[in-house]
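What's in upload.txt: compact mmCIF, C-alpha atoms
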# COMPACT_ATOMS: atom_id res chain seq x y z
CA MET A 1 51.02 -48.84 -109.12
CA ASP A 2 48.71 -50.40 -111.62
CA PRO A 3 45.06 -49.49 -111.01
CA THR A 4 44.05 -53.00 -112.10
CA ASP A 5 45.92 -54.38 -109.08
CA GLU A 6 43.61 -52.54 -106.71
CA LYS A 7 40.97 -54.35 -104.69
CA PRO A 8 37.53 -54.47 -106.29
CA GLY A 9 35.27 -51.68 -105.08
CA LYS A 10 38.13 -49.37 -104.12
CA THR A 11 38.05 -46.10 -106.03
CA VAL A 12 41.38 -45.35 -107.64
CA ASP A 13 42.51 -41.75 -107.31
CA ILE A 14 44.59 -41.15 -110.43
CA TYR A 15 46.50 -38.36 -108.68
CA ARG A 16 47.45 -40.38 -105.63
CA ASP A 17 47.29 -44.10 -106.54
CA THR A 18 48.99 -44.20 -109.96
CA TRP A 19 52.22 -43.15 -111.62
CA VAL A 20 50.76 -39.64 -112.01
CA ARG A 21 51.66 -39.08 -108.33
CA PHE A 22 55.32 -38.95 -109.31
CA LEU A 23 54.72 -35.73 -111.27
CA GLY A 24 54.44 -34.06 -107.88
CA TYR A 25 58.09 -34.92 -107.28
CA ALA A 26 59.34 -33.33 -110.51
CA ASN A 27 60.72 -30.30 -108.71
CA GLU A 28 62.75 -32.44 -106.29
CA VAL A 29 64.40 -34.07 -109.30
CA GLY A 30 64.94 -30.62 -110.79
CA GLU A 31 66.56 -29.42 -107.57
CA ALA A 32 68.82 -32.48 -107.47
CA PHE A 33 70.03 -31.66 -111.00
CA ARG A 34 70.36 -27.90 -110.35
CA ALA A 35 74.17 -28.05 -110.36
CA LEU A 36 74.19 -29.69 -113.80
CA VAL A 37 71.39 -28.09 -115.80
CA PRO A 38 70.33 -24.57 -116.72
CA VAL A 39 68.10 -22.90 -114.14
CA SER A 40 65.27 -22.90 -116.71
CA VAL A 41 65.16 -26.71 -116.45
CA VAL A 42 64.78 -26.45 -112.68
CA TRP A 43 61.96 -23.90 -113.07
CA GLY A 44 60.36 -26.19 -115.66
CA SER A 45 60.35 -28.99 -113.08
CA TYR A 46 58.51 -26.64 -110.70
CA ALA A 47 55.98 -25.91 -113.46
CA VAL A 48 55.30 -29.66 -113.84
CA ALA A 49 54.90 -30.12 -110.07
CA THR A 50 52.67 -27.04 -109.76
CA ALA A 51 50.49 -28.23 -112.65
CA TYR A 52 50.12 -31.57 -110.84
CA VAL A 53 49.15 -29.83 -107.58
CA THR A 54 46.63 -27.57 -109.32
CA THR A 55 45.08 -30.40 -111.32
CA ASP A 56 44.70 -32.56 -108.21
CA ALA A 57 43.03 -29.67 -106.35
CA VAL A 58 40.60 -29.05 -109.21
CA ASP A 59 39.83 -32.78 -109.38
CA LYS A 60 39.06 -32.90 -105.65
CA GLY A 61 36.81 -29.85 -106.05
CA LYS A 62 34.88 -31.51 -108.87
CA LYS A 63 34.48 -34.69 -106.82
CA ALA A 64 33.24 -32.67 -103.83
CA ALA A 65 30.73 -30.87 -106.08
CA VAL A 66 29.36 -34.19 -107.34
CA ALA A 67 29.29 -35.70 -103.86
CA HIS A 68 27.34 -32.78 -102.37
CA GLY A 69 24.95 -32.24 -105.28
CA ASP A 70 22.56 -29.40 -104.52
CA ASN A 71 22.87 -29.70 -100.75
CA PRO A 72 23.22 -26.57 -98.63
CA GLY A 73 26.85 -25.73 -98.01
CA ARG A 74 27.96 -27.27 -101.29
CA THR A 75 30.04 -24.24 -102.31
CA THR A 76 31.83 -24.19 -98.97
CA ARG A 77 32.60 -27.91 -99.14
CA VAL A 78 33.91 -27.60 -102.68
CA ALA A 79 36.09 -24.64 -101.64
CA VAL A 80 37.39 -26.58 -98.65
CA ALA A 81 38.25 -29.57 -100.86
CA VAL A 82 40.12 -27.39 -103.33
CA VAL A 83 41.95 -25.27 -100.74
CA ASP A 84 42.86 -28.21 -98.52
CA THR A 85 44.20 -30.24 -101.43
CA PHE A 86 46.08 -27.32 -102.94
CA VAL A 87 47.68 -26.22 -99.66
CA TRP A 88 48.59 -29.78 -98.67
CA GLN A 89 50.04 -30.63 -102.07
CA ALA A 90 51.86 -27.29 -102.38
CA LEU A 91 53.53 -27.79 -99.01
CA ALA A 92 54.11 -31.56 -99.14
CA SER A 93 54.93 -31.97 -102.83
CA VAL A 94 56.55 -28.69 -103.88
CA ILE A 95 57.64 -26.16 -101.26
CA ILE A 96 59.08 -28.18 -98.38
CA PRO A 97 60.69 -31.01 -100.39
CA GLY A 98 62.03 -28.57 -103.00
CA PHE A 99 63.64 -26.47 -100.27
CA THR A 100 64.96 -29.59 -98.53
CA ILE A 101 66.60 -31.06 -101.63
CA ASN A 102 67.96 -27.63 -102.59
CA ARG A 103 69.66 -27.28 -99.20
CA VAL A 104 70.93 -30.89 -99.14
CA CYS A 105 72.49 -30.39 -102.57
CA ALA A 106 73.94 -26.98 -101.73
CA ALA A 107 75.45 -28.32 -98.50
CA SER A 108 76.85 -31.42 -100.15
CA LEU A 109 78.42 -29.40 -103.00
CA TYR A 110 79.96 -27.03 -100.47
CA LEU A 111 81.25 -29.84 -98.23
CA LEU A 112 82.63 -31.80 -101.17
CA GLY A 113 84.46 -28.64 -102.27
CA LYS A 114 85.98 -28.18 -98.82
CA SER A 115 86.78 -31.83 -98.07
CA THR A 116 87.87 -33.31 -101.42
CA LYS A 117 90.07 -32.40 -104.34
CA TRP A 118 87.63 -33.89 -106.80
CA PRO A 119 87.09 -32.00 -110.03
CA LEU A 120 84.00 -29.77 -110.07
CA SER A 121 82.16 -32.02 -112.53
CA ILE A 122 82.56 -35.03 -110.20
CA ARG A 123 81.40 -32.96 -107.22
CA LYS A 124 78.34 -31.81 -109.16
CA TRP A 125 77.40 -35.35 -110.24
CA THR A 126 77.95 -36.57 -106.67
CA THR A 127 75.72 -33.77 -105.37
CA THR A 128 73.02 -34.78 -107.86
CA ALA A 129 73.27 -38.41 -106.74
CA ILE A 130 73.01 -37.36 -103.09
CA GLY A 131 69.97 -35.20 -103.86
CA LEU A 132 68.20 -37.96 -105.81
CA SER A 133 68.94 -40.55 -103.14
CA THR A 134 67.55 -38.25 -100.45
CA ILE A 135 64.10 -37.97 -102.07
CA PRO A 136 62.67 -41.34 -100.91
CA PHE A 137 63.71 -40.64 -97.32
CA ILE A 138 62.04 -37.24 -97.03
CA ILE A 139 58.63 -38.04 -98.52
CA THR A 140 56.93 -39.75 -95.57
CA PRO A 141 58.25 -37.43 -92.83
CA ILE A 142 57.24 -34.36 -94.84
CA ASP A 143 53.78 -35.79 -95.64
CA ARG A 144 53.18 -36.57 -91.97
CA SER A 145 54.45 -33.17 -90.86
CA VAL A 146 52.17 -31.37 -93.31
CA ASP A 147 49.23 -33.49 -92.13
CA PHE A 148 50.02 -32.48 -88.54
CA LEU A 149 50.44 -28.82 -89.53
CA LEU A 150 47.11 -28.68 -91.38
CA ASP A 151 45.29 -30.71 -88.72
CA SER A 152 46.58 -28.24 -86.12
CA SER A 153 45.66 -25.12 -88.06
CA LEU A 154 43.72 -24.81 -91.30
CA ARG A 155 41.61 -27.93 -90.88
CA LYS A 156 40.38 -26.69 -87.50
CA ILE A 157 38.92 -23.68 -89.33
CA TYR A 158 37.27 -25.95 -91.91
CA ASN A 159 35.72 -28.09 -89.21
CA GLU A 160 34.32 -25.02 -87.46
CA GLU A 161 32.78 -23.82 -90.74
CA GLU A 162 31.15 -27.22 -91.36
CA LYS A 163 29.65 -27.23 -87.85
CA LYS A 164 28.13 -23.78 -88.45
CA GLN A 165 26.52 -24.98 -91.70
CA GLU A 166 24.90 -28.03 -90.14
Show me the file's structure as structure tokens.
Amino acid sequence: MDPTDEKPGKTVDIYRDTWVRFLGYANEVGEAFRALVPVSVVWGSYAVATAYVTTDAVDKGKKAAVAHGDNPGRTTRVAVAVVDTFVWQALASVIIPGFTINRVCAASLYLLGKSTKWPLSIRKWTTTAIGLSTIPFIITPIDRSVDFLLDSSLRKIYNEEEKKQE
């Protein structure tokens, strides 16, 4: 995703429209490799993903602050931008996909142990391959589900707050 390929006039969001977006998937990769690497590597992948989520939320807060200038309700709108981005990213980029890949890998390692006589190292590498290959298939459904969840809950509260301020 090269920003120079974007249409003129379209603002490029470095956290969503460039390679930086893939940092949000670091923990899924860590989970896929859990059977092969020390747990500290897995936790390190969560640190990378959490740093991405936090940085994106702060960026959206700064953009909201600039967009709303000194208008009434500026603080609320900045807070909404930060909270909405952080909650969405935490759920869609870290918590749900991390849990999903963890369970897919755990189940595949267990099933391979019960159904094959492969050596443990082969089962672990196979589990890692299954986990990595699962990542592209879970992204869109999880993103859409988190959108639905937030639209049905937290974002209703935000919209009510914005109506009160107008």
**Asked** When you draw a straight line from atom CA of Gly98 of chain A to atom CA of Ala32 of chain A, how long is it in Å?
**Response**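 Taking atom CA of Gly98 of chain A and atom CA of Ala32 of chain A, their separation equals 9.0 Å.
The nearest approach to Val37 of chain A among the residues A:Leu150, A:Ser108, A:Lys124, A:Thr134, with only C-alpha atoms taken into account, belongs to A:Lys124.
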**Request:** Go through A:Asn159, A:Ser40, A:Thr85, A:Thr75 and flag the residue nearest Asp56 of chain A, using all atoms listed in the file for the distances.
**Result:**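 Among A:Asn159, A:Ser40, A:Thr85, A:Thr75, it is A:Thr85 that comes nearest to Asp56 of chain A.
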**Request:** Work out how far atom CA of Val82 of chain A is from atom CA of Lys156 of chain A, in Å to one decimal.
**Result:**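 So the two atoms, atom CA of Lys156 of chain A and atom CA of Val82 of chain A, lie 15.8 Å apart.
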**Request:** Between atom CA of Ile135 of chain A and atom CA of Ile101 of chain A, measure the distance and give it in Å to one decimal.
**Result:**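 Separating atom CA of Ile135 of chain A from atom CA of Ile101 of chain A is a distance of 7.4 Å.
For segment 137-148 of chain A, the set of protein, DNA and RNA residues having any atom at most 10 Å away, when counting only C-alpha atoms and skipping those fewer than 6 positions along the same chain, is Tyr25, Val87, Trp88, Gln89, Ala90, Leu91, Ala92, Ser93, Ile96, Pro97, Thr100, Ile101 and Arg155 of chain A.
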**Selection near Asp59 of chain A, 9 Å with all atoms listed in the file, sequence-local residues under 4 positions removed, as a count of residues only** = 6
**Prompt:** Which is closer to Val78 of chain A than all the others in A:Phe33, A:Thr11, A:Ile95, A:Tyr158, using all atoms listed in the file?
**Reply:**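 Between A:Phe33, A:Thr11, A:Ile95, A:Tyr158, the residue approaching Val78 of chain A most closely is A:Tyr158.
Residue nearest Thr127 of chain A within the list A:Val104, A:Ala51, A:Ala81, A:Val39: A:Val104 [criterion: smallest interatomic distance, all atoms listed in the file].
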Please write out, as JSON, where the centre of an axis-aligned box around all listed atoms of segment 88-97 of chain A lies and how long its edges are, in Å to one decimal, after adding 8 Å on each side.
{"center_x": 54.6, "center_y": -29.1, "center_z": -101.1, "size_x": 28.1, "size_y": 21.8, "size_z": 21.5}
**Prompt:** So which one's closest to Trp19 of chain A, A:Tyr52, A:Gly69, A:Ser115, A:Thr128? Using only C-alpha atoms, please.
**Reply:**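 Result for the nearest residue to Trp19 of chain A: A:Tyr52.
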Ref. answer, residues at most 10 Å from (75.6, -30.6, -99.9) with only C-alpha atoms, as a PDB file with C-alpha atoms, in the coordinates of the input:
ATOM      1  CA  ILE A 101      66.600 -31.060-101.630  1.00  0.00           C
ATOM      2  CA  ASN A 102      67.960 -27.630-102.590  1.00  0.00           C
ATOM      3  CA  ARG A 103      69.660 -27.280 -99.200  1.00  0.00           C
ATOM      4  CA  VAL A 104      70.930 -30.890 -99.140  1.00  0.00           C
ATOM      5  CA  CYS A 105      72.490 -30.390-102.570  1.00  0.00           C
ATOM      6  CA  ALA A 106      73.940 -26.980-101.730  1.00  0.00           C
ATOM      7  CA  ALA A 107      75.450 -28.320 -98.500  1.00  0.00           C
ATOM      8  CA  SER A 108      76.850 -31.420-100.150  1.00  0.00           C
ATOM      9  CA  LEU A 109      78.420 -29.400-103.000  1.00  0.00           C
ATOM     10  CA  TYR A 110      79.960 -27.030-100.470  1.00  0.00           C
ATOM     11  CA  LEU A 111      81.250 -29.840 -98.230  1.00  0.00           C
ATOM     12  CA  LEU A 112      82.630 -31.800-101.170  1.00  0.00           C
ATOM     13  CA  GLY A 113      84.460 -28.640-102.270  1.00  0.00           C
ATOM     14  CA  ARG A 123      81.400 -32.960-107.220  1.00  0.00           C
ATOM     15  CA  LYS A 124      78.340 -31.810-109.160  1.00  0.00           C
ATOM     16  CA  THR A 126      77.950 -36.570-106.670  1.00  0.00           C
ATOM     17  CA  THR A 127      75.720 -33.770-105.370  1.00  0.00           C
ATOM     18  CA  THR A 128      73.020 -34.780-107.860  1.00  0.00           C
ATOM     19  CA  ILE A 130      73.010 -37.360-103.090  1.00  0.00           C
ATOM     20  CA  GLY A 131      69.970 -35.200-103.860  1.00  0.00           C
TER      21      GLY A 131
END
Some atoms are missing, so please complete segment 25-57 of chain A with N, CA and C atoms and return it as a PDB file, in the frame of the given file.
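And here is the file that came out, out-v8.pdb:
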ATOM      1  N   TYR A  25      56.699 -34.929-107.723  1.00  0.00           N
ATOM      2  CA  TYR A  25      58.090 -34.920-107.280  1.00  0.00           C
ATOM      3  C   TYR A  25      59.038 -34.362-108.337  1.00  0.00           C
ATOM      4  N   ALA A  26      58.498 -33.840-109.419  1.00  0.00           N
ATOM      5  CA  ALA A  26      59.340 -33.330-110.510  1.00  0.00           C
ATOM      6  C   ALA A  26      60.316 -32.257-110.028  1.00  0.00           C
ATOM      7  N   ASN A  27      59.838 -31.372-109.154  1.00  0.00           N
ATOM      8  CA  ASN A  27      60.720 -30.300-108.710  1.00  0.00           C
ATOM      9  C   ASN A  27      61.862 -30.794-107.822  1.00  0.00           C
ATOM     10  N   GLU A  28      61.654 -31.877-107.081  1.00  0.00           N
ATOM     11  CA  GLU A  28      62.750 -32.440-106.290  1.00  0.00           C
ATOM     12  C   GLU A  28      63.850 -32.948-107.227  1.00  0.00           C
ATOM     13  N   VAL A  29      63.434 -33.588-108.302  1.00  0.00           N
ATOM     14  CA  VAL A  29      64.400 -34.070-109.300  1.00  0.00           C
ATOM     15  C   VAL A  29      65.108 -32.869-109.930  1.00  0.00           C
ATOM     16  N   GLY A  30      64.342 -31.837-110.251  1.00  0.00           N
ATOM     17  CA  GLY A  30      64.940 -30.620-110.790  1.00  0.00           C
ATOM     18  C   GLY A  30      65.967 -30.015-109.847  1.00  0.00           C
ATOM     19  N   GLU A  31      65.620 -29.963-108.564  1.00  0.00           N
ATOM     20  CA  GLU A  31      66.560 -29.420-107.570  1.00  0.00           C
ATOM     21  C   GLU A  31      67.818 -30.284-107.470  1.00  0.00           C
ATOM     22  N   ALA A  32      67.657 -31.598-107.550  1.00  0.00           N
ATOM     23  CA  ALA A  32      68.820 -32.480-107.470  1.00  0.00           C
ATOM     24  C   ALA A  32      69.777 -32.241-108.649  1.00  0.00           C
ATOM     25  N   PHE A  33      69.215 -31.895-109.807  1.00  0.00           N
ATOM     26  CA  PHE A  33      70.030 -31.660-111.000  1.00  0.00           C
ATOM     27  C   PHE A  33      70.453 -30.195-111.164  1.00  0.00           C
ATOM     28  N   ARG A  34      70.101 -29.343-110.229  1.00  0.00           N
ATOM     29  CA  ARG A  34      70.360 -27.900-110.350  1.00  0.00           C
ATOM     30  C   ARG A  34      71.824 -27.589-110.688  1.00  0.00           C
ATOM     31  N   ALA A  35      72.745 -28.324-110.117  1.00  0.00           N
ATOM     32  CA  ALA A  35      74.170 -28.050-110.360  1.00  0.00           C
ATOM     33  C   ALA A  35      74.606 -28.409-111.777  1.00  0.00           C
ATOM     34  N   LEU A  36      73.788 -29.193-112.476  1.00  0.00           N
ATOM     35  CA  LEU A  36      74.190 -29.690-113.800  1.00  0.00           C
ATOM     36  C   LEU A  36      73.412 -29.114-114.970  1.00  0.00           C
ATOM     37  N   VAL A  37      72.259 -28.532-114.704  1.00  0.00           N
ATOM     38  CA  VAL A  37      71.390 -28.090-115.800  1.00  0.00           C
ATOM     39  C   VAL A  37      71.130 -26.590-115.696  1.00  0.00           C
ATOM     40  N   PRO A  38      70.695 -25.988-116.802  1.00  0.00           N
ATOM     41  CA  PRO A  38      70.330 -24.570-116.720  1.00  0.00           C
ATOM     42  C   PRO A  38      69.169 -24.363-115.745  1.00  0.00           C
ATOM     43  N   VAL A  39      69.131 -23.195-115.129  1.00  0.00           N
ATOM     44  CA  VAL A  39      68.100 -22.900-114.140  1.00  0.00           C
ATOM     45  C   VAL A  39      66.699 -23.006-114.766  1.00  0.00           C
ATOM     46  N   SER A  40      66.573 -22.785-116.053  1.00  0.00           N
ATOM     47  CA  SER A  40      65.270 -22.900-116.710  1.00  0.00           C
ATOM     48  C   SER A  40      64.723 -24.327-116.626  1.00  0.00           C
ATOM     49  N   VAL A  41      65.593 -25.318-116.607  1.00  0.00           N
ATOM     50  CA  VAL A  41      65.160 -26.710-116.450  1.00  0.00           C
ATOM     51  C   VAL A  41      64.598 -26.930-115.047  1.00  0.00           C
ATOM     52  N   VAL A  42      65.254 -26.345-114.069  1.00  0.00           N
ATOM     53  CA  VAL A  42      64.780 -26.450-112.680  1.00  0.00           C
ATOM     54  C   VAL A  42      63.408 -25.798-112.563  1.00  0.00           C
ATOM     55  N   TRP A  43      63.253 -24.586-113.124  1.00  0.00           N
ATOM     56  CA  TRP A  43      61.960 -23.900-113.070  1.00  0.00           C
ATOM     57  C   TRP A  43      60.905 -24.691-113.830  1.00  0.00           C
ATOM     58  N   GLY A  44      61.304 -25.335-114.917  1.00  0.00           N
ATOM     59  CA  GLY A  44      60.360 -26.190-115.660  1.00  0.00           C
ATOM     60  C   GLY A  44      59.873 -27.347-114.806  1.00  0.00           C
ATOM     61  N   SER A  45      60.764 -27.890-113.964  1.00  0.00           N
ATOM     62  CA  SER A  45      60.350 -28.990-113.080  1.00  0.00           C
ATOM     63  C   SER A  45      59.337 -28.495-112.042  1.00  0.00           C
ATOM     64  N   TYR A  46      59.489 -27.235-111.618  1.00  0.00           N
ATOM     65  CA  TYR A  46      58.510 -26.640-110.700  1.00  0.00           C
ATOM     66  C   TYR A  46      57.173 -26.430-111.414  1.00  0.00           C
ATOM     67  N   ALA A  47      57.225 -26.087-112.687  1.00  0.00           N
ATOM     68  CA  ALA A  47      55.980 -25.910-113.460  1.00  0.00           C
ATOM     69  C   ALA A  47      55.229 -27.232-113.548  1.00  0.00           C
ATOM     70  N   VAL A  48      55.937 -28.330-113.778  1.00  0.00           N
ATOM     71  CA  VAL A  48      55.300 -29.660-113.840  1.00  0.00           C
ATOM     72  C   VAL A  48      54.673 -29.990-112.488  1.00  0.00           C
ATOM     73  N   ALA A  49      55.419 -29.804-111.410  1.00  0.00           N
ATOM     74  CA  ALA A  49      54.900 -30.120-110.070  1.00  0.00           C
ATOM     75  C   ALA A  49      53.710 -29.233-109.712  1.00  0.00           C
ATOM     76  N   THR A  50      53.768 -27.959-110.065  1.00  0.00           N
ATOM     77  CA  THR A  50      52.670 -27.040-109.760  1.00  0.00           C
ATOM     78  C   THR A  50      51.433 -27.385-110.586  1.00  0.00           C
ATOM     79  N   ALA A  51      51.627 -27.795-111.825  1.00  0.00           N
ATOM     80  CA  ALA A  51      50.490 -28.230-112.650  1.00  0.00           C
ATOM     81  C   ALA A  51      49.842 -29.464-112.029  1.00  0.00           C
ATOM     82  N   TYR A  52      50.649 -30.378-111.519  1.00  0.00           N
ATOM     83  CA  TYR A  52      50.120 -31.570-110.840  1.00  0.00           C
ATOM     84  C   TYR A  52      49.284 -31.168-109.619  1.00  0.00           C
ATOM     85  N   VAL A  53      49.837 -30.283-108.796  1.00  0.00           N
ATOM     86  CA  VAL A  53      49.150 -29.830-107.580  1.00  0.00           C
ATOM     87  C   VAL A  53      47.816 -29.174-107.936  1.00  0.00           C
ATOM     88  N   THR A  54      47.839 -28.292-108.909  1.00  0.00           N
ATOM     89  CA  THR A  54      46.630 -27.570-109.320  1.00  0.00           C
ATOM     90  C   THR A  54      45.583 -28.519-109.883  1.00  0.00           C
ATOM     91  N   THR A  55      46.013 -29.443-110.720  1.00  0.00           N
ATOM     92  CA  THR A  55      45.080 -30.400-111.320  1.00  0.00           C
ATOM     93  C   THR A  55      44.454 -31.297-110.268  1.00  0.00           C
ATOM     94  N   ASP A  56      45.248 -31.732-109.296  1.00  0.00           N
ATOM     95  CA  ASP A  56      44.700 -32.560-108.210  1.00  0.00           C
ATOM     96  C   ASP A  56      43.676 -31.767-107.410  1.00  0.00           C
ATOM     97  N   ALA A  57      43.970 -30.511-107.117  1.00  0.00           N
ATOM     98  CA  ALA A  57      43.030 -29.670-106.350  1.00  0.00           C
ATOM     99  C   ALA A  57      41.718 -29.476-107.106  1.00  0.00           C
TER     100      ALA A  57
END
